[in-house]
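Working notes, beginning with the structure itself.
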Amino acid sequence: MNYGNGLGMAVFASHSALQLVLGGEAQGVRVALFGPQQSLRLYRRFPGIGCELIEYSGPETLERLAERGYVLVPNGSVVEYVGPETLARSSVRVFGSRELLRAEASQSRKMELLRSAGIPTPRTYSSPDEIDGPVIVKFPGAKGGKGYEVTEDPEKVRELLHWAVEKRLAGSPDEVMVQEYLIGTTLYAHYFHSPIHDRTEITGFDIRYESDVDGLRRAPVDVASRYSPTFTVVGNLPVFPRERLLETFLEYGERFVSAVKRELGGKFAGPFCLECVVDRDLNVLAFEFSGRIVAGTNVYLVHGSPYLALYFGRPMTVGERVALELREAQERGALEEVLT
Ligand code: AMP
């Protein structure tokens with residue numbers, strides 16, 4: 001890898017790109033945004049974005065970025081657009097764990113990892129006969145919760161499993177996850193694991209604003225019971241959980257990092273998220289994780305997260321936190337600890 005021009009961050013042009021570009025600038029780390037022309041167009045419209053824009057034309061673009069000293073800072077769009085398998089084969093170095101990005105693509109591996117971390121999770125049903133309450137049916141590859149179904153009816157689940165195989169949404173019924181639908185409030189906890197400072201930091205929280213499930217409660221008549229609501233993410237809202245919950249969240253974050261290191265090759269660095277429901281007794285259960293920056297961290301875009309002020313004395317965005325870790329790792333000759 002050639003760091004002749006200085007270390008750089010390559011970011012897919014979507015998702016949390018604005019935050020990463022501004023964060024790189026704040027820490028003096030150069031950034032390249034890459035993506036298809038139609039994604040780059042947006043970033044040309046902001047005079048405040050002065051970084052390099054590179055068209056993505058396939059895996060060779062990743063090789064070119066690597067040759068020029070860029071490391072990939074993965075976001076949700078790179079996982080979706082470039083794909084974890086292409087990333088696994090590419091020689092570009094990844095900030096964080098490329099193996100975790102692969103695990104994230106499999107619903108069953110995902111839940112196994114959470115369970116092996118000792119984090120409470122909703123029940124998974126292996127047969128419709130076991131269903132004794134509301135369940136959420138998750139098809140493989142469903143984007144942003146778009147195709148999910150919530151039901152209490154085992155017969156309906158049986159139909160959905162057949163339908164998913166018939167429509168080739170799943171190779172077999174086993175690829176469809178039938179999960180306990182948790183009653184409570186959703187809360188998405190954002191973290192940053194720092195090998196340089198040897199700690200797992202809490203960087204903030206958000207709630208996803210999902211269409212149409214979040215709109216239905218405003219409906220003047222009860223349409224929810226006659227309508228199958230989707231969970232399409234439209235945006236994110238900030239939330240500040242009760243202070244007593246912070247310790248639980250911190251413990252879960254630390255357990256997650258230990259499990260990733262234990263199960264997936266010994267190393268981990270960077271942002272991640274535990275997607276949780278908190279029930280009426282304040283039990284926290286995680287139904288999902290993201291092993292990279294989540295778009296929910298955009299709620300702190302520009303002004304930065306007040307939680308990071310508890311570690312660094314000033315608010316900071318997660319984008320800047322990434323650039324800071326990279327810069328410090330390079331200065332200490334410890335880049336190997338944060339890259340895979
Ligand atoms: P996911 O794609 O797994 O992040 O889920 C999309 C959305 O579905 C979440 O943001 C939640 O609103 C909802 N959801 C997913 N799993 C569960 C669950 N087990 N219990 C309650 N709500 C869930």
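Ordering of the structure tokens sets the chain letters (A, B, ...), residue numbers begin anew at 1 in every chain, and ligands are numbered from 1 in the order given.
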Distance filter 6 Å around ligand 1, atoms: only C-alpha atoms and all ligand atoms, out as a PyMOL selection string: chain A and resi 122+144-145+179-182+231+287-288
Spatial neighbours of Leu274 (chain A), max dist 6 Å, only C-alpha atoms, sep filter under 2 positions, as an MDAnalysis selection string: chainID A and resid 188:189 289
Output for the residues just chosen: N, CA and C atoms as a PDB file, in the first residue's frame:
ATOM      1  N   TYR A 188     -31.581   2.376  18.828  1.00  0.00           N
ATOM      2  CA  TYR A 188     -30.411   1.887  18.094  1.00  0.00           C
ATOM      3  C   TYR A 188     -29.183   2.505  18.728  1.00  0.00           C
ATOM      4  N   ALA A 189     -28.337   1.657  19.319  1.00  0.00           N
ATOM      5  CA  ALA A 189     -27.183   2.146  20.087  1.00  0.00           C
ATOM      6  C   ALA A 189     -25.952   2.154  19.191  1.00  0.00           C
ATOM      7  N   PHE A 289     -27.650  -6.367  14.341  1.00  0.00           N
ATOM      8  CA  PHE A 289     -26.514  -5.457  14.523  1.00  0.00           C
ATOM      9  C   PHE A 289     -26.011  -5.002  13.163  1.00  0.00           C
TER      10      PHE A 289
END
Close residues, Val318 (chain A) itself excluded, 8 Å, only C-alpha atoms, min 2 positions apart in chain, as a VMD selection string: chain A and resid 19 to 20 23 192 203 271 293 297 304 to 305 316 320 to 322
Atomic distance CA of Ser127 (chain A) - CA of Val233 (chain A), expressed in Å with one decimal: 28.7 Å
Nearest-residue call for Ile131 (chain A), choices A:Glu149, A:Glu60, A:Glu155, A:Glu112, using only C-alpha atoms: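 Nearest candidate to Ile131 (chain A) out of A:Glu149, A:Glu60, A:Glu155, A:Glu112: A:Glu155.
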Surrounding residues of region 213-217 of chain A excluding itself and chain neighbours under 3 positions, 7 Å, only C-alpha atoms, as a PyMOL selection string: chain A and resi 209-210+224+229-231
Residues of region 51-223 of chain A in alpha helix (DSSP H), written as a PyMOL selection string: chain A and resi 59-67+76-81+84-89+98-104+107-116+154-166+213-216
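The coordinates place CA of Ser14 (chain A) at 16.6 Å from CA of Thr317 (chain A).
Closest approach to Glu152 (chain A) from the set A:Gly133, A:Gly76, A:Gly8, A:Pro140 is made by A:Gly133, with distances taken over only C-alpha atoms.
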Of the listed residues A:His197, A:Lys138, A:Lys156, A:Arg93, that which approaches Leu324 (chain A) most closely, counting only C-alpha atoms: A:His197
Polymer residues at most 6 Å from region 117-121 of chain A, only C-alpha atoms, same-chain spacing of 3 or more positions, as a ChimeraX atom specification: /A:114,255-256,259,285-287
Deliver the residues from the most recent selection as a file, using N, CA and C atoms, as a PDB file, in the first residue's frame.
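Printed below is out.pdb as written:
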ATOM      1  N   LEU A 114     -24.753 -12.534  18.121  1.00  0.00           N
ATOM      2  CA  LEU A 114     -25.326 -11.794  19.251  1.00  0.00           C
ATOM      3  C   LEU A 114     -25.509 -12.714  20.453  1.00  0.00           C
ATOM      4  N   ARG A 255     -19.342  -6.641  25.274  1.00  0.00           N
ATOM      5  CA  ARG A 255     -19.512  -8.092  25.027  1.00  0.00           C
ATOM      6  C   ARG A 255     -19.487  -8.382  23.526  1.00  0.00           C
ATOM      7  N   PHE A 256     -20.095  -7.489  22.754  1.00  0.00           N
ATOM      8  CA  PHE A 256     -20.142  -7.683  21.301  1.00  0.00           C
ATOM      9  C   PHE A 256     -18.716  -7.673  20.733  1.00  0.00           C
ATOM     10  N   ALA A 259     -16.938 -10.854  21.487  1.00  0.00           N
ATOM     11  CA  ALA A 259     -17.412 -11.976  20.660  1.00  0.00           C
ATOM     12  C   ALA A 259     -16.857 -11.878  19.244  1.00  0.00           C
ATOM     13  N   LEU A 285     -33.209  -5.875  24.489  1.00  0.00           N
ATOM     14  CA  LEU A 285     -32.965  -7.045  23.632  1.00  0.00           C
ATOM     15  C   LEU A 285     -32.506  -6.559  22.267  1.00  0.00           C
ATOM     16  N   ALA A 286     -31.499  -7.225  21.701  1.00  0.00           N
ATOM     17  CA  ALA A 286     -31.005  -6.807  20.378  1.00  0.00           C
ATOM     18  C   ALA A 286     -31.563  -7.748  19.325  1.00  0.00           C
ATOM     19  N   PHE A 287     -32.184  -7.184  18.277  1.00  0.00           N
ATOM     20  CA  PHE A 287     -32.741  -8.044  17.219  1.00  0.00           C
ATOM     21  C   PHE A 287     -31.871  -8.016  15.975  1.00  0.00           C
TER      22      PHE A 287
END
d(CA of Glu336 (chain A), CA of Phe12 (chain A)) in Å: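 Between CA of Glu336 (chain A) and CA of Phe12 (chain A) the gap is 22.2 Å.
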Which of region 187-278 of chain A fall in strand (DSSP E), as a ChimeraX atom specification: /A:187-194,199-212,231-238,270-278
For region 103-109 of chain A: contacts at 8 Å, only C-alpha atoms, fewer than 4 positions along chain excluded, given as a PDB file with N, CA and C atoms, in the first residue's frame:
ATOM      1  N   PRO A  84     -20.498  -7.936   0.142  1.00  0.00           N
ATOM      2  CA  PRO A  84     -19.456  -8.422   1.052  1.00  0.00           C
ATOM      3  C   PRO A  84     -18.490  -9.408   0.392  1.00  0.00           C
ATOM      4  N   GLU A  99     -14.599  -9.498   7.871  1.00  0.00           N
ATOM      5  CA  GLU A  99     -15.298 -10.753   8.169  1.00  0.00           C
ATOM      6  C   GLU A  99     -16.653 -10.462   8.828  1.00  0.00           C
ATOM      7  N   LEU A 113     -24.089 -14.694  16.458  1.00  0.00           N
ATOM      8  CA  LEU A 113     -23.027 -13.863  17.025  1.00  0.00           C
ATOM      9  C   LEU A 113     -23.545 -13.072  18.235  1.00  0.00           C
ATOM     10  N   PRO A 140     -34.666 -13.108   3.277  1.00  0.00           N
ATOM     11  CA  PRO A 140     -33.267 -12.755   3.059  1.00  0.00           C
ATOM     12  C   PRO A 140     -33.160 -11.588   2.084  1.00  0.00           C
ATOM     13  N   GLY A 141     -32.231 -10.678   2.346  1.00  0.00           N
ATOM     14  CA  GLY A 141     -31.977  -9.569   1.432  1.00  0.00           C
ATOM     15  C   GLY A 141     -33.029  -8.471   1.450  1.00  0.00           C
ATOM     16  N   MET A 177     -36.249 -15.876   8.231  1.00  0.00           N
ATOM     17  CA  MET A 177     -36.192 -15.862   9.696  1.00  0.00           C
ATOM     18  C   MET A 177     -37.560 -15.488  10.265  1.00  0.00           C
ATOM     19  N   PHE A 289     -27.650  -6.367  14.341  1.00  0.00           N
ATOM     20  CA  PHE A 289     -26.514  -5.457  14.523  1.00  0.00           C
ATOM     21  C   PHE A 289     -26.011  -5.002  13.163  1.00  0.00           C
ATOM     22  N   SER A 290     -25.234  -3.929  13.154  1.00  0.00           N
ATOM     23  CA  SER A 290     -24.520  -3.493  11.954  1.00  0.00           C
ATOM     24  C   SER A 290     -23.055  -3.384  12.350  1.00  0.00           C
ATOM     25  N   GLY A 291     -22.176  -4.015  11.571  1.00  0.00           N
ATOM     26  CA  GLY A 291     -20.752  -4.055  11.929  1.00  0.00           C
ATOM     27  C   GLY A 291     -19.961  -2.938  11.269  1.00  0.00           C
TER      28      GLY A 291
END
